[in-house]
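Trainee: Once you've had a glance at the structure underneath, I'll fire off some questions.
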Amino acid sequence: MGDIRQSLLPRDVLSAAKELLYHLDIYICNMVQSGRQPPQVDSKTLDLIEEFILHTPKDRNAPVRRMSALQELQLLEIMCSCFQEQSRETVRQLMFSALFNLQGNQADESRMALLSKLVSMAVAVGRVPILECAAVWLQRTHRLYCVRLVQVLVDDYCSMVPGSGPTLQNIHSASPRFCCQFITAVTTLYDLTSDELTPPLELLQMIVSWIQDDPRLVLITFLNSPLSGSQPISALDVTPLGGLIRWCVKAPLAYRRDRKQAVANGSSDGEPDAARLFSALHLSVLQVLMLLPNILNEKGLFGRLALLQMESVAALTSDLSRLLDQADKHTHAATGDAHAASQLALDRLAQALQVAMASGALLCSREDLRAICSRLPHNNLLQLVLSGPVMYYNNIHTPPLAYSPHAAHSPIPAHAALPTLPAHTPHTPLSSIPASHAQYPAQPFMTGMPFPFRPGH
Amino acid sequence: MSVVFDGSSLKAMQSSHSHTAPTALSAQELSQEIKSFISGVDAVQGRKLSVREHARCAVRLLRSVPACRGAVLEHLRGVYDEHVSAFLHNLEMEGNASSGATSNLEDIIQEVHGVLSEFIRLNPRAWAPLVSTWAVDLLGQLSSKHAGRRVAPHSSSLNELLQLWMSCAATRSLMEAYSQCLAAMLAWCPDACVDALLDTSVKHSPHFDWVVAHIGSAFPGTIISRVLACGLKDFCSHGAKDQGPPVEKGSRVPKIGSVVGILGHLAAHHSDSIRKELLRMFRESLTPSTPLSPTSSSTSWEASPQLRRAAVPFLLQLAAMSPNLFGAVSSELVELLRPPVLLQLQSLLQGLPREELDNMLGLAVHLVSQSPTGGARVLRFLADTATPASVIISGPTPSPNEGVREGCDRLLQMLLLHLHKLVFNRSDGAEVGPFSSASSSSQPQRVIPFLEELRSHVGQLCAETLRLERKRHLWLHQLLCLLSVYGGLSLATETLCQLLTQARNPEELALAWQLHTTLSSCMAGLVPAAAAHCVAQIHTHTLAPRQLRQLLLNLASAIQSQDEERRGAAGAQSSMAVQIGSAVSGHLHDFGPLLLHGDPAVSHAAARLLSCSPLPRTSSPAHLLLLSRAAVSHFFLALQRRGEARRAGRAVGQTGEAVSCSVLLLSRLAAYAPLTLKAILQQLVEGALHKGNAHLFGGQIADMSGAPVTSPAVSPDLGASLLDINCRFGTTVNFSGSVWSVFHAGVIGKGLKARAAPNLPDPPGVIQNIQTLLAVIVQCCSSSSLNGSQSPADPDEPLPINPEAAKVVAVTLVENVCPDVANGELSWPPEEHARTTVERDIHIRRCFEAHPVLFPLLQVVAAGRPALCYCSAVLRGLLATLLSHWEGSREASSTDSPWHLQASSLLVSCMGEGQLLPPVLANVHEAFAHLTPFEVRLLLLAVWEYVRGNGPLPQKFVFSSDKGVFCRDFSRDGDVSRYVAPIHSVLHKNIDRLGHLCWRFQL
């Protein structure tokens, strides 16, 4: 593959890129057909991609070749059709990762730029294969880059071009996987810590409607992906549940902040909408959590796999207590509104915690939970959740002796292969889970298996 | 030149778009659309898209596919470009081509503009940076691409460019869009927006200026400071090699030109903010760098020491290139240069290389010389700062340290040198003469704004120069010279006048001479003009008394220096002094009135000037008379003041000097011409007898009858009513002089008039005054030009009294003492006839009583033989009253009536001196004091008899050329012996007492 460089050099940027794509397609097809394992694109090819598609200068002396925006558009168009026409998913995936997997070099910036445009365009013209590939990319890539990609999409469709929201809405039907990853990334991006990081109303509406229509959407990635060790450490969460819970809990406080500004501006029509939306979202999230025990049981993972990490819950509670402190400080004479909002936030937290623990999404002991929630102000429901015995666990499943993360492994007999892991990574209990999952070969929802969830297939 | 799109149509268009907007485009259709856009071919119908359709397609994509944004904007560049081309082509064709294509594209451009502005409005944060960058870049590209077109004006004429481009829909739309973006972005990140603008401005430098200028006038506050900062950076990177006079260096035009152009354009409406910015830049470049100073947040140049160092040269350069900017800054800059600032400036400049400093110095000098306003302030500042610190003289500002002072010193000297060059090269070798004003009309002289402005400050400059502060006055003097040469005769005259008016001592006055010496080489007629100017000032009363006095004194001392120098000390002032002398002499009559100025100092100064100035060769009688009248009046005034000073116990020096000046003036005037001599003598005598001056000479104010008047308060009302008298007599006949007239001893029936006690307040003063008066009169009489130029053989011997002059005195005397001319003939009647003139005689006597000065005057007259003859009537009258007095006197001795005794003696001795009497008779007065009244009468009778027999006629005198005087040969007259007989009798009678006098009466 490296030998075509000489023939590419004299071409103009666009045709060189085009030709390279063509060669890449053939090369990957050959590779897949030859059955070489693992299918890996060699570094020379990656270099070529960087040189002729991403236009990263190979050495200092080489003149920088740049594409004009028009040429870039043409290239994107070609890529779109290229992926569209390639029928084999494996090839597509390999090609996509060859093009866009981050290499940790200087080409990454232009890679990201091109990828963003490609995905944005794929959303616009409904190129499902590209979206599918992008969903996988979102699973494998560091969350910072995922967030960047999502940011571009949100900017494009929710702020830059008015009236283009419906286009984005369509990704739900086009590619649920991508949609799920998109939600995860969006909830990661918008953590409601500042105005900048508050999701646009349009986006919120979109997400709520997606989940309301189909609560299982948020679990698609979890259901479809092999829980293998290939999951990078800093990748996005498997499900957006954590992010969504955070949204719902923090929303009353964050949006009250917004509402204050809105009142100052004289328009307060957005707030009830947002409140209603978050309320609906909260319900949906609880519903999704309720689905979990069955799914986990099916997979035999109940009590072993924490879809909600203890760390994120801890971060959420500390955030919340900080926000409540602030709210108290800002409104010395705490108005009824403010009180109601904070109680609402605490109620939601309590509900979410309760349901999450009950459904096995959160694995922790009450002592741990109490420690985490100790700084929160009083709330009846929370108090109840923190103190009351959970009777019905026994009906569903043999309760573990304790819900401490250290003890979480005890029901699993064969983990002697990794005896030191918890000690090494006490803060990332999840990281140990996939390792243990490798020992459950018969999982009905692994990749490639038909899954009844997807109605489109 | 704000251009606004038609809002309504735009809105309509937008709304129509939003209705027809392809929101419903399916993914499939979009993909088709993209294909069409890329290929330029309608994907469905397979035909080529027109520019218009293509653009529409692009707009649709812009609205629906975010990823196409870049490509669409890029495509639109082409559309805009096409429109501009068509527009310019149309213009070049003068509109005869069909405008279809243009209008076609124009509406698509409006459409694009509508979409873009809608986007910006909806989401400024996202779109404004994007569109602003795009618009600016495209504007730059368009303007430099089409800069070479025939219709495009040259890049230097910003306004025309602006007009052209704003009339083109494409560029106007871009401009609108950019303005919208900028307005939106100003709130949160103005820097990025403006930086893009300036970066483009740098790239397309001169052609893009119109954009910056336009934007600048819309957003002055933001743009100005950025433009400056940008210019500074560029200036700094170009280094110092481009300094000096701005030279266009081919293609590589430094950005400073653009900066100047832009700011110049903005200066029309925003000069205030520009000035503020410039000054701020200056200030901040000086303040020591504080890494985290809060002010440096807006711009970044303050952070770099290199840039800060370049700021001052940059500002200088900027000012040099744009008079507008310079004018805006110069006025306040000086105010800013306080000592701490100067120190900072110095420490900043110390780091610069030598030649750069020299360049800056040259530039600064150039700027100062070209500055149209505030020159005086700049000058004062420079002089203040450059003047060395001194314990004694402390300037208005505390002196900064030595380095700063030297810098200023150098700057000032360079400035003077530069001005010198400018002034003397001004007319390119053409003669700069006093009369070149005529030629200057044909050849306009180069204007030097600095000097032009200083013209009105000549007075101040002179004042400062005359302060003689160390080096300062040298500089200023030099400057005055230059200014005078520059301003031509009128200014030079004014300068000289100012110096003459303001100088207070010889050292200061010397500056005027120096100025004259310098100027005399290139300017003739300066001194006469200056004199004329001074006179004009006197006439218009523009000078305060002090100044006037100073001016006169200075002129006088100028003229006096001529005398000194004639005595041997030759100097450069010779011609000056001579010229001033002649100039003043031409204006004597103008100075004359000043003798009577209300301020004693002024009149004294005038006297001094007139007394030392040469007299004109010819002069009109009227002027001379006026002058002499003024001089005489001044003389009496001076006497009066001297008396006052004495009485007040003050030093008499000043007033005494005034008197002597006056005396000198009178004698000089008198010597000038017979006319003046006559006038002066006449007026002196009249003046001495005038009731206003009489007291000076011990006189009492006499009424018509010659009797001293009692003050009304003293004399009780006697009830004498003129009306009653008139009614009684029925007529108003004046009987005076006749035998019928009433004696003046009082009203009949009321007793004698109360005689006012004679009060002689100041005997020594009176004596001194009389002495002075006599001295004047004698001097006048003797120095008169009448007696030719004969010089006395013995200089110690006083000159003889001129007979003519004496005659004038005599005649005047008679006129004043004896206004009644009846029986006025010279020859004497018999003694008995004196009865007919009793009243007149009494009047005469009273006159003599009232005015002691008359006797000395008579003596003077007597000395000028034969002038005493003309006093015959007075002598006769006096003698007659004396005779009647002695006749009626019943005293034992003549000494009992002292006045009469003295009068008799004086009278006789005068007559003897005047040779009306032979010596034998004249000597009789020596005996009077030893005789009885009757015997005195006898002797006086003898005198009378002699005079009656030998009439006092002038023709009896003959000129003796050996003595130079007239003499009377008594031998021609009859025998004296018969008149001597009574004398001898009296001698015999009193031989015991008069023995020692016998020899006096030998024939």
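By convention in this document, the chains of the structure tokens carry letters A, B, ... by their order, each chain's residues are numbered from 1, and ligands are numbered from 1 in the order they are shown.
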Counting only C-alpha atoms, which residues of chain A come no farther than 9 Å from chain B, as an mmCIF file with N, CA, C and O atoms, in the first residue's frame?
Mentor:
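Wrote selection02.cif, looks like this:
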data_model
loop_
_atom_site.group_PDB
_atom_site.id
_atom_site.type_symbol
_atom_site.label_atom_id
_atom_site.label_comp_id
_atom_site.auth_asym_id
_atom_site.auth_seq_id
_atom_site.Cartn_x
_atom_site.Cartn_y
_atom_site.Cartn_z
ATOM 1 N N SER A 68 -9.505 23.271 -0.212
ATOM 2 C CA SER A 68 -10.457 24.348 -0.031
ATOM 3 C C SER A 68 -11.717 23.741 0.571
ATOM 4 O O SER A 68 -11.885 22.517 0.585
ATOM 5 N N ALA A 69 -12.565 24.591 1.049
ATOM 6 C CA ALA A 69 -13.781 24.095 1.676
ATOM 7 C C ALA A 69 -14.616 23.301 0.678
ATOM 8 O O ALA A 69 -15.257 22.307 1.023
ATOM 9 N N LEU A 70 -14.570 23.750 -0.543
ATOM 10 C CA LEU A 70 -15.345 23.049 -1.583
ATOM 11 C C LEU A 70 -14.800 21.647 -1.817
ATOM 12 O O LEU A 70 -15.535 20.663 -1.904
ATOM 13 N N GLN A 71 -13.474 21.584 -1.922
ATOM 14 C CA GLN A 71 -12.850 20.275 -2.131
ATOM 15 C C GLN A 71 -13.139 19.365 -0.958
ATOM 16 O O GLN A 71 -13.399 18.169 -1.122
ATOM 17 N N GLU A 72 -13.111 19.942 0.204
ATOM 18 C CA GLU A 72 -13.384 19.162 1.400
ATOM 19 C C GLU A 72 -14.803 18.598 1.337
ATOM 20 O O GLU A 72 -15.042 17.435 1.646
ATOM 21 N N LEU A 73 -15.703 19.461 0.926
ATOM 22 C CA LEU A 73 -17.076 19.005 0.791
ATOM 23 C C LEU A 73 -17.180 17.856 -0.197
ATOM 24 O O LEU A 73 -17.872 16.860 0.033
ATOM 25 N N GLN A 74 -16.439 18.001 -1.270
ATOM 26 C CA GLN A 74 -16.455 16.920 -2.267
ATOM 27 C C GLN A 74 -15.920 15.635 -1.657
ATOM 28 O O GLN A 74 -16.479 14.557 -1.855
ATOM 29 N N GLU A 77 -18.390 14.093 0.525
ATOM 30 C CA GLU A 77 -19.448 13.484 -0.273
ATOM 31 C C GLU A 77 -18.988 12.117 -0.773
ATOM 32 O O GLU A 77 -19.717 11.120 -0.723
ATOM 33 N N SER A 116 -15.890 15.316 12.348
ATOM 34 C CA SER A 116 -17.064 16.071 12.765
ATOM 35 C C SER A 116 -17.914 16.433 11.560
ATOM 36 O O SER A 116 -19.136 16.298 11.565
ATOM 37 N N LYS A 117 -17.228 16.889 10.536
ATOM 38 C CA LYS A 117 -17.988 17.281 9.356
ATOM 39 C C LYS A 117 -18.654 16.085 8.712
ATOM 40 O O LYS A 117 -19.814 16.162 8.259
ATOM 41 N N LEU A 118 -17.928 15.016 8.694
ATOM 42 C CA LEU A 118 -18.487 13.822 8.054
ATOM 43 C C LEU A 118 -19.730 13.362 8.791
ATOM 44 O O LEU A 118 -20.771 13.084 8.176
ATOM 45 N N VAL A 119 -19.639 13.314 10.107
ATOM 46 C CA VAL A 119 -20.783 12.844 10.883
ATOM 47 C C VAL A 119 -21.939 13.819 10.748
ATOM 48 O O VAL A 119 -23.099 13.426 10.576
ATOM 49 N N SER A 120 -21.583 15.091 10.808
ATOM 50 C CA SER A 120 -22.635 16.102 10.665
ATOM 51 C C SER A 120 -23.344 15.943 9.333
ATOM 52 O O SER A 120 -24.577 15.999 9.233
ATOM 53 N N MET A 121 -22.563 15.711 8.306
ATOM 54 C CA MET A 121 -23.152 15.541 6.988
ATOM 55 C C MET A 121 -23.953 14.253 6.916
ATOM 56 O O MET A 121 -25.042 14.210 6.336
ATOM 57 N N VAL A 123 -25.506 12.859 9.285
ATOM 58 C CA VAL A 123 -26.774 13.109 9.952
ATOM 59 C C VAL A 123 -27.729 13.794 8.993
ATOM 60 O O VAL A 123 -28.905 13.446 8.885
ATOM 61 N N ALA A 124 -27.180 14.780 8.284
ATOM 62 C CA ALA A 124 -28.037 15.555 7.389
ATOM 63 C C ALA A 124 -28.600 14.688 6.274
ATOM 64 O O ALA A 124 -29.793 14.744 5.960
ATOM 65 N N VAL A 125 -27.752 13.914 5.653
ATOM 66 C CA VAL A 125 -28.220 13.151 4.496
ATOM 67 C C VAL A 125 -28.557 11.706 4.871
ATOM 68 O O VAL A 125 -28.795 10.885 3.992
ATOM 69 N N GLY A 126 -28.544 11.420 6.171
ATOM 70 C CA GLY A 126 -29.027 10.115 6.624
ATOM 71 C C GLY A 126 -28.198 8.934 6.178
ATOM 72 O O GLY A 126 -28.726 7.944 5.681
ATOM 73 N N ARG A 127 -26.906 9.043 6.343
ATOM 74 C CA ARG A 127 -26.030 7.912 5.979
ATOM 75 C C ARG A 127 -25.882 6.992 7.182
ATOM 76 O O ARG A 127 -25.048 7.219 8.064
ATOM 77 N N LEU A 153 -21.946 18.508 16.640
ATOM 78 C CA LEU A 153 -23.280 18.169 16.149
ATOM 79 C C LEU A 153 -24.344 19.056 16.786
ATOM 80 O O LEU A 153 -25.233 19.579 16.108
ATOM 81 N N ASP A 155 -23.924 21.982 18.103
ATOM 82 C CA ASP A 155 -23.779 23.338 17.572
ATOM 83 C C ASP A 155 -24.434 23.452 16.208
ATOM 84 O O ASP A 155 -25.200 24.374 15.931
ATOM 85 N N ASP A 156 -24.106 22.493 15.374
ATOM 86 C CA ASP A 156 -24.611 22.547 14.004
ATOM 87 C C ASP A 156 -26.126 22.530 13.970
ATOM 88 O O ASP A 156 -26.757 23.344 13.296
ATOM 89 N N TYR A 157 -26.686 21.578 14.704
ATOM 90 C CA TYR A 157 -28.119 21.350 14.513
ATOM 91 C C TYR A 157 -29.002 22.069 15.517
ATOM 92 O O TYR A 157 -30.184 22.244 15.290
ATOM 93 N N SER A 159 -27.929 25.032 17.205
ATOM 94 C CA SER A 159 -27.768 26.476 17.357
ATOM 95 C C SER A 159 -27.435 27.180 16.051
ATOM 96 O O SER A 159 -27.969 28.243 15.770
ATOM 97 N N MET A 160 -26.587 26.568 15.257
ATOM 98 C CA MET A 160 -26.138 27.301 14.079
ATOM 99 C C MET A 160 -27.242 27.452 13.045
ATOM 100 O O MET A 160 -27.555 28.547 12.603
ATOM 101 N N VAL A 161 -27.775 26.331 12.635
ATOM 102 C CA VAL A 161 -28.741 26.395 11.545
ATOM 103 C C VAL A 161 -30.148 26.258 12.107
ATOM 104 O O VAL A 161 -30.521 25.194 12.579
ATOM 105 N N PRO A 162 -30.837 27.322 12.091
ATOM 106 C CA PRO A 162 -32.192 27.240 12.635
ATOM 107 C C PRO A 162 -33.067 26.306 11.797
ATOM 108 O O PRO A 162 -32.928 26.224 10.578
ATOM 109 N N GLY A 163 -33.878 25.579 12.480
ATOM 110 C CA GLY A 163 -34.800 24.698 11.754
ATOM 111 C C GLY A 163 -34.203 23.369 11.349
ATOM 112 O O GLY A 163 -34.837 22.590 10.644
ATOM 113 N N SER A 164 -32.986 23.095 11.786
ATOM 114 C CA SER A 164 -32.389 21.832 11.382
ATOM 115 C C SER A 164 -32.489 20.782 12.488
ATOM 116 O O SER A 164 -31.952 19.692 12.366
ATOM 117 N N PRO A 166 -35.011 18.926 13.501
ATOM 118 C CA PRO A 166 -35.656 17.674 13.085
ATOM 119 C C PRO A 166 -34.698 16.717 12.386
ATOM 120 O O PRO A 166 -34.859 15.492 12.503
ATOM 121 N N THR A 167 -33.727 17.268 11.686
ATOM 122 C CA THR A 167 -32.765 16.399 11.023
ATOM 123 C C THR A 167 -32.025 15.548 12.036
ATOM 124 O O THR A 167 -31.795 14.351 11.839
#
Trainee: Skipping near chain neighbours, those fewer than 3 positions away, what residues fall within 12 Å of Val861 in chain B using only C-alpha atoms, listed as a count of residues only?
Mentor: 43
Trainee: Neighbouring residues of range 235-240 of chain A were defined as those with any atom within 7 Å, considering only C-alpha atoms; residues of the same chain fewer than 3 positions away were excluded. Please report them as a short mmCIF file (atom, residue, chain, number, x, y, z; two decimals) with N, CA and C atoms, in the first residue's frame.
Mentor:
data_model
loop_
_atom_site.label_atom_id
_atom_site.label_comp_id
_atom_site.auth_asym_id
_atom_site.auth_seq_id
_atom_site.Cartn_x
_atom_site.Cartn_y
_atom_site.Cartn_z
N GLN A 139 -17.71 4.63 21.18
CA GLN A 139 -17.50 3.70 22.26
C GLN A 139 -16.03 3.56 22.61
N ARG A 140 -15.21 3.69 21.60
CA ARG A 140 -13.81 3.34 21.79
C ARG A 140 -12.90 4.52 22.11
N THR A 141 -13.42 5.66 21.85
CA THR A 141 -12.52 6.81 21.92
C THR A 141 -12.61 7.48 23.29
N HIS A 142 -11.55 8.13 23.63
CA HIS A 142 -11.50 8.88 24.88
C HIS A 142 -12.68 9.85 24.93
N ARG A 143 -13.24 10.00 26.12
CA ARG A 143 -14.49 10.76 26.20
C ARG A 143 -14.33 12.22 25.81
N ILE A 183 -26.50 10.30 23.18
CA ILE A 183 -27.06 10.75 24.46
C ILE A 183 -26.02 10.66 25.57
N THR A 184 -25.30 9.56 25.58
CA THR A 184 -24.27 9.41 26.61
C THR A 184 -23.27 10.57 26.55
N ALA A 185 -22.83 10.85 25.33
CA ALA A 185 -21.83 11.91 25.18
C ALA A 185 -22.43 13.25 25.58
N THR A 187 -24.85 13.85 27.69
CA THR A 187 -24.97 13.99 29.15
C THR A 187 -23.61 14.17 29.79
N VAL A 218 -31.63 3.74 25.79
CA VAL A 218 -30.43 4.09 26.55
C VAL A 218 -29.59 2.85 26.86
N LEU A 219 -30.15 1.73 26.70
CA LEU A 219 -29.41 0.52 27.06
C LEU A 219 -28.81 -0.18 25.85
N THR A 221 -26.39 0.30 23.77
CA THR A 221 -24.96 0.04 23.71
C THR A 221 -24.59 -1.08 24.68
N PHE A 222 -25.18 -0.98 25.86
CA PHE A 222 -24.90 -1.99 26.87
C PHE A 222 -25.34 -3.37 26.40
N GLN A 231 -12.73 -2.20 26.03
CA GLN A 231 -13.27 -0.88 26.42
C GLN A 231 -12.16 -0.04 27.05
N PRO A 232 -11.80 1.04 26.43
CA PRO A 232 -10.74 1.87 27.02
C PRO A 232 -11.21 2.47 28.34
N GLY A 243 -25.41 9.99 33.60
CA GLY A 243 -25.54 11.38 33.15
C GLY A 243 -26.96 11.86 33.24
N LEU A 244 -27.88 10.98 32.88
CA LEU A 244 -29.29 11.39 32.91
C LEU A 244 -29.76 11.64 34.33
#
Trainee: What is the CA of Glu832 in chain B to CA of Arg845 in chain B distance in Å?
Mentor: 17.9 Å
Trainee: Name all residues at most 9 Å from Thr493 in chain B (count only C-alpha atoms; drop same-chain ones fewer than 2 positions away) and give them as a list in words.
Mentor: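 Surrounding residues, per the criterion: Ser484, Gly488, Leu489, Ser490, Leu491, Thr495, Leu496, Cys497, Gln498, Leu526, Val527, Pro528, Ala529, Ala530, Ala531 and His533 of chain B.
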Trainee: As an mmCIF file with N, CA and C atoms, in the first residue's frame, please: all residues of range 942-971 of chain B that backbone DSSP puts in strand (DSSP E or B).
Mentor:
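result_27.cif, freshly written:
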data_model
loop_
_atom_site.group_PDB
_atom_site.id
_atom_site.type_symbol
_atom_site.label_atom_id
_atom_site.label_comp_id
_atom_site.auth_asym_id
_atom_site.auth_seq_id
_atom_site.Cartn_x
_atom_site.Cartn_y
_atom_site.Cartn_z
ATOM 1 N N PHE B 957 22.934 153.511 21.165
ATOM 2 C CA PHE B 957 23.942 152.469 21.455
ATOM 3 C C PHE B 957 24.641 152.091 20.166
ATOM 4 N N VAL B 958 25.889 151.834 20.276
ATOM 5 C CA VAL B 958 26.629 151.368 19.099
ATOM 6 C C VAL B 958 27.309 150.053 19.439
ATOM 7 N N PHE B 959 27.455 149.266 18.434
ATOM 8 C CA PHE B 959 28.056 147.940 18.637
ATOM 9 C C PHE B 959 29.550 148.053 18.670
ATOM 10 N N SER B 960 30.109 147.623 19.741
ATOM 11 C CA SER B 960 31.574 147.630 19.776
ATOM 12 C C SER B 960 32.045 146.212 19.494
ATOM 13 N N VAL B 965 29.568 143.635 22.355
ATOM 14 C CA VAL B 965 28.320 144.117 22.947
ATOM 15 C C VAL B 965 28.050 145.549 22.481
ATOM 16 N N PHE B 966 26.775 145.940 22.710
ATOM 17 C CA PHE B 966 26.445 147.335 22.419
ATOM 18 C C PHE B 966 26.862 148.205 23.590
ATOM 19 N N CYS B 967 27.343 149.380 23.249
ATOM 20 C CA CYS B 967 27.719 150.314 24.320
ATOM 21 C C CYS B 967 27.188 151.699 23.984
ATOM 22 N N ARG B 968 27.009 152.475 25.058
ATOM 23 C CA ARG B 968 26.527 153.842 24.841
ATOM 24 C C ARG B 968 27.673 154.789 25.177
#
Trainee: I'd like the neighbourhood of Arg972 in chain B as a PyMOL selection string, where a residue qualifies if any of its atoms comes within 12 Å (using only C-alpha atoms), though same-chain residues fewer than 2 positions away should be ignored.
Mentor: chain B and resi 918+950+956-958+968-970+974-976
Trainee: Write a file of the just-selected residues containing C-alpha atoms, as a compact mmCIF listing (two decimals), in the first residue's frame.
Mentor:
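Saved result, again30.txt, follows:
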# COMPACT_ATOMS: atom_id res chain seq x y z
CA PRO B 918 26.01 157.22 33.19
CA ASN B 950 18.87 162.01 27.55
CA LYS B 956 22.15 155.77 21.05
CA PHE B 957 23.94 152.47 21.46
CA VAL B 958 26.63 151.37 19.10
CA ARG B 968 26.53 153.84 24.84
CA ASP B 969 28.94 156.63 24.51
CA PHE B 970 27.78 159.06 27.18
CA GLY B 974 24.83 166.38 27.13
CA ASP B 975 26.92 167.39 30.11
CA VAL B 976 26.27 165.19 33.08
Trainee: Have a look at CA of Ser175 in chain A and CA of Val128 in chain A and let me know their distance in Å, one decimal.
Mentor: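 CA of Val128 in chain A lies at a distance of 6.1 Å from CA of Ser175 in chain A.
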Trainee: Excluding Ser217 in chain B and any residue of its chain fewer than 5 positions from it, enumerate the residues within 9 Å of it, using only C-alpha atoms, and give them as an mmCIF file with N, CA, C and O atoms, in the first residue's frame.
Mentor:
data_model
loop_
_atom_site.group_PDB
_atom_site.id
_atom_site.type_symbol
_atom_site.label_atom_id
_atom_site.label_comp_id
_atom_site.auth_asym_id
_atom_site.auth_seq_id
_atom_site.Cartn_x
_atom_site.Cartn_y
_atom_site.Cartn_z
ATOM 1 N N VAL B 212 -11.515 49.615 6.955
ATOM 2 C CA VAL B 212 -11.167 49.923 8.338
ATOM 3 C C VAL B 212 -11.680 51.299 8.701
ATOM 4 O O VAL B 212 -12.200 51.517 9.804
ATOM 5 N N ILE B 223 -11.815 50.602 17.435
ATOM 6 C CA ILE B 223 -10.913 50.516 16.293
ATOM 7 C C ILE B 223 -9.651 51.333 16.517
ATOM 8 O O ILE B 223 -8.544 50.866 16.227
ATOM 9 N N HIS B 265 -8.779 59.578 8.391
ATOM 10 C CA HIS B 265 -10.187 59.541 8.012
ATOM 11 C C HIS B 265 -11.074 59.684 9.246
ATOM 12 O O HIS B 265 -12.063 60.404 9.242
ATOM 13 N N LEU B 266 -10.665 59.014 10.296
ATOM 14 C CA LEU B 266 -11.472 59.050 11.519
ATOM 15 C C LEU B 266 -11.371 60.395 12.218
ATOM 16 O O LEU B 266 -12.262 60.789 12.948
ATOM 17 N N HIS B 269 -14.169 63.075 12.523
ATOM 18 C CA HIS B 269 -15.285 63.060 13.468
ATOM 19 C C HIS B 269 -14.885 62.616 14.864
ATOM 20 O O HIS B 269 -15.631 62.791 15.798
ATOM 21 N N HIS B 270 -13.742 62.002 14.981
ATOM 22 C CA HIS B 270 -13.417 61.413 16.278
ATOM 23 C C HIS B 270 -12.061 61.872 16.769
ATOM 24 O O HIS B 270 -11.331 61.112 17.370
#
Trainee: What gap, in Å, lies between CA of Ser359 in chain A and CA of Val285 in chain A?
Mentor: 12.0 Å
Trainee: Which is closest to Met357 in chain A among A:Asn30, A:Ser225, A:Gln169, A:Gln309, if we use only C-alpha atoms?
Mentor: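 Looking at the shortest contact to Met357 in chain A, the residue is A:Gln309.
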Trainee: I want to know what sits within 10 Å of Leu24 in chain A, based on only C-alpha atoms, with residues of the same chain fewer than 6 positions away left out; could you give that as a ChimeraX atom specification?
Mentor: /A:1,18,30,41,45-46,48-49,94-95,98-99
